[in-house]
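*Asks:* First the structure, which I've put down as structure tokens, then a few questions once you've had a look.
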Amino acid sequence: MRLKQVSVFLENQPGHLIRVCKVLAQANVNLITISIAETKDFGVMRLIVDDPERAKEALSNAKISCKLIDVLSVEVANKAGSFLEILERAQAEKLNIEYAYAMPAQTPESSVMVLKFEDIAAAEKLFK
């Protein structure tokens, strides 16, 4: 399923994560999952939230740099090799995965991977 991810660009300084979370809480936006990738000076906070449009508006109004990105959520069985199967299917179709992280699933029998594909439309068709 295609999702809108909120990508937030931050300086790697104390207090910046708190500021983002405070803005979202005040806008009544619920965080579903979060991933943070950082370098020495900057970071990218990737969020799946219950209302991405409201999150983007609240963050933009607070002068926090962000954008909405299309990603794909793919449910996989909670067993060894399940993610490998996803990777092999993508590779067979020559689909490049730019990054991946996990989010909560509805049942303990499965996991949900959030995947950023170079060609989201082709990936969406493959994993329907």
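Ordering of the structure tokens sets the chain letters (A, B, ...); residue numbers start at 1 within each chain; ligands are numbered from 1 in the order shown.
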Please provide as JSON, numbers by chain all residues within 6 Å of Leu47 in chain A, with the sequence filter that same-chain residues fewer than 5 positions apart are discarded (counting only C-alpha atoms).
*Replies:* {"A": [5, 6, 33, 34]}
*Asks:* In chain A, what's strand (DSSP E or B) per DSSP? Answer as JSON, numbers by chain?
*Replies:* {"A": [2, 3, 4, 5, 6, 7, 8, 9, 10, 11, 31, 32, 33, 34, 35, 36, 37, 38, 42, 43, 44, 45, 46, 47, 48, 49, 66, 67, 68, 69, 70, 71, 72, 73, 74, 75, 76, 77, 97, 98, 99, 100, 101, 102, 103, 110, 111, 112, 113, 114, 115, 116, 117]}
*Asks:* Can you check which residues of chain A DSSP gives as alpha helix (DSSP H) on the backbone and send them as JSON, numbers by chain?
*Replies:* {"A": [16, 17, 18, 19, 20, 21, 22, 23, 24, 25, 26, 52, 53, 54, 55, 56, 57, 58, 59, 60, 61, 82, 83, 84, 85, 86, 87, 88, 89, 90, 91, 92, 120, 121, 122, 123, 124, 125, 126]}
*Asks:* Sort by chain and increasing residue number a table of all residues of range 32-78 of chain A within 12 Å of range 99-102 of chain A, each with its closest pair of atoms and their distance in Å to one decimal, counting only C-alpha atoms, and write it as a Markdown table.
*Replies:*
```
| residue | atom | partner | partner_atom | distance |
| --- | --- | --- | --- | --- |
| A:Ile32 | CA | A:Ala102 | CA | 10.5 |
| A:Thr33 | CA | A:Ala102 | CA | 7.8 |
| A:Ile34 | CA | A:Tyr101 | CA | 8.6 |
| A:Ser35 | CA | A:Tyr101 | CA | 6.9 |
| A:Ile36 | CA | A:Tyr101 | CA | 9.9 |
| A:Ala37 | CA | A:Tyr99 | CA | 10.3 |
| A:Met45 | CA | A:Tyr101 | CA | 11.9 |
| A:Arg46 | CA | A:Tyr101 | CA | 9.4 |
| A:Leu47 | CA | A:Tyr101 | CA | 10.5 |
| A:Ile48 | CA | A:Ala102 | CA | 10.4 |
| A:Val71 | CA | A:Ala100 | CA | 9.4 |
| A:Leu72 | CA | A:Ala100 | CA | 9.6 |
| A:Ser73 | CA | A:Ala102 | CA | 8.9 |
| A:Val74 | CA | A:Ala102 | CA | 9.5 |
| A:Glu75 | CA | A:Ala102 | CA | 9.8 |
| A:Val76 | CA | A:Ala102 | CA | 10.5 |
| A:Asn78 | CA | A:Ala102 | CA | 11.8 |
```
*Asks:* For CA of Val23 in chain A and CA of Ala62 in chain A, determine how far apart the two atoms are, in Å to one decimal place.
*Replies:*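 We find that CA of Val23 in chain A and CA of Ala62 in chain A lie 7.4 Å from each other.
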*Asks:* Pick the closest to Lys56 in chain A from A:Lys128, A:Lys22, A:Lys116, A:Lys4: which is it, counting only C-alpha atoms?
*Replies:*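 So, comparing all the options, the nearest one is A:Lys4.
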*Asks:* Between CA of Glu118 in chain A and CA of Ile97 in chain A, measure the distance and give it in Å to one decimal.
*Replies:* 6.4 Å
*Asks:* From the list A:Leu10, A:Val20, A:Ala27, A:Leu95, which residue is nearest Phe117 in chain A when using only C-alpha atoms?
*Replies:*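 Ranking A:Leu10, A:Val20, A:Ala27, A:Leu95 by distance to Phe117 in chain A, first place goes to A:Leu95.
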*Asks:* Can you tell me, as a compact mmCIF listing (two decimals) with all heavy atoms, in the first residue's frame, what residues are no more than 7 Å from Ser65 in chain A when counting only C-alpha atoms, ignoring any on the same chain fewer than 2 positions away?
*Replies:*
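Saved the output as result25.txt:
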```
# COMPACT_ATOMS: atom_id res chain seq x y z
N VAL A 8 11.65 14.94 7.54
CA VAL A 8 12.01 16.17 8.23
C VAL A 8 13.53 16.30 8.22
O VAL A 8 14.24 15.34 8.55
CB VAL A 8 11.49 16.15 9.69
CG1 VAL A 8 11.82 17.46 10.40
CG2 VAL A 8 10.00 15.88 9.73
N PHE A 9 14.01 17.46 7.84
CA PHE A 9 15.45 17.71 7.76
C PHE A 9 15.87 18.57 8.95
O PHE A 9 15.31 19.64 9.16
CB PHE A 9 15.79 18.38 6.43
CG PHE A 9 15.26 17.57 5.28
CD1 PHE A 9 14.04 17.88 4.71
CD2 PHE A 9 15.96 16.47 4.81
CE1 PHE A 9 13.53 17.11 3.67
CE2 PHE A 9 15.45 15.70 3.78
CZ PHE A 9 14.24 16.02 3.21
N SER A 60 5.70 22.95 8.70
CA SER A 60 6.03 24.10 7.84
C SER A 60 5.72 25.41 8.54
O SER A 60 6.51 26.36 8.47
CB SER A 60 5.27 24.01 6.52
OG SER A 60 5.70 22.89 5.78
N LYS A 63 8.32 26.51 10.76
CA LYS A 63 9.60 26.75 10.06
C LYS A 63 10.56 25.56 10.16
O LYS A 63 11.77 25.72 10.23
CB LYS A 63 10.29 28.02 10.57
CG LYS A 63 9.42 29.26 10.54
CD LYS A 63 9.21 29.75 9.13
CE LYS A 63 8.54 31.12 9.11
NZ LYS A 63 7.20 31.13 8.62
```
*Asks:* Which of these residues is nearest to Lys79 in chain A, using only C-alpha atoms: A:Ser111, A:Asn96, A:Thr39, A:Gln13?
*Replies:*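 With only C-alpha atoms as the atom set, the closest residue is A:Ser111.
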*Asks:* Kindly give the distance, in Å, that separates CA of Leu31 in chain A and CA of Val44 in chain A, rounded to a single decimal.
*Replies:*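 Separation between CA of Leu31 in chain A and CA of Val44 in chain A: 15.5 Å.
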*Asks:* Which residues come within 12 Å of Lys94 in chain A, counting only C-alpha atoms, excluding same-chain residues fewer than 2 positions away, as number ranges by chain?
*Replies:* A: 87-92, 96-97, 117-119, 122-123, 126
*Asks:* Between A:Glu93, A:Asp41, A:Glu109, A:Glu11, single out the one closest to Ala80 in chain A, counting only C-alpha atoms.
*Replies:* A:Glu109
*Asks:* Determine the nearest neighbour of Cys21 in chain A from the options A:Lys40, A:Leu68, A:Ala55, A:Asn61, counting only C-alpha atoms.
*Replies:*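 Nearest candidate to Cys21 in chain A out of A:Lys40, A:Leu68, A:Ala55, A:Asn61: A:Ala55.
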